[in-house]
Amino acid sequence: MATIHESVRSNALPRDLALRMAIGRAIDALVLYSAGHDLSPTQAQWLKRAAELLRPTSDEPLKTGGSLANFRNDIGLIRAAKSVWDSPEARSLAAKLAEAADDLEKLSRGEVLPDEDVERLKESLRAFRNAIEPSIPIMSERIEKTHR
């Protein structure tokens with residue numbers, strides 16, 4: 001029952017906050033995976049959830065000449081990806097996001113990745129979590145802005 005409640009709660013959160021939470025849990029799962037190459041069903045779900053949230057909702061940037069403007073629903077995701085992977089092209093950033101999501105899904109299905117790929121994925125997720133953090137307004141900032 002806790003999983004259903006947790007899922008409903010996370011679906012009600014702003015995407016950037018839900019993504020930050022999912023990435024934190026994915027990092028925890030990857031740390032444990034690195035220690036024993038084994039994941040519990042709950043840890044596998046954390047990786048799947050992070051993979052879902054890392055996938056852009058639009059295919060537009062994958063087209064030749066795609067720009068950040070094509071990402072209306074994913075602009076926060078792409079901004080964070082841009083600060084992590086430092087690429088000027090939205091298409092390249094979308095490919096990096098898809099690659100990270102694919103790796104997370106492979107691990108969640110029990111596939112084994114080379115240790116260096118898991119380490120690279122952990123570093124990317126840590127950088128991504130840090131890139132998202134500044135975009136989340138804290139409650140006092142929201143209250144202050146509404147009372148001006």
# chains A, B, ... in the order shown; residues from 1 in each chain; ligands from 1
>>> residues_around(residues="region 33-37 of chain A", least_positions_apart="3", cutoff="8 Å", atoms="only C-alpha atoms", output="PyMOL selection string")
chain A and resi 29-30+112+115+118
>>> residues_around(residues="region 101-108 of chain A", least_positions_apart="4", cutoff="8 Å", atoms="only C-alpha atoms", output="count of residues only")
15
>>> closest_residue(among="A:Ile27, A:Ser87, A:Lys96, A:Glu111", to="Arg126 (chain A)", atoms="only C-alpha atoms")
A:Ile27
>>> closest_residue(among="A:Leu53, A:Ala22, A:Leu17, A:Leu93", to="Ala81 (chain A)", atoms="only C-alpha atoms")
A:Leu93
>>> closest_residue(among="A:Pro88, A:Gly76, A:Pro41, A:Gly110", to="Ile132 (chain A)", atoms="only C-alpha atoms")
A:Gly76
>>> atom_distance(atom1="CA of Trp85 (chain A)", atom2="CA of Asp28 (chain A)")
21.6 Å
>>> atom_distance(atom1="CA of Glu89 (chain A)", atom2="CA of Leu125 (chain A)")
19.9 Å
>>> atom_distance(atom1="CA of Thr42 (chain A)", atom2="CA of Pro56 (chain A)")
23.8 Å
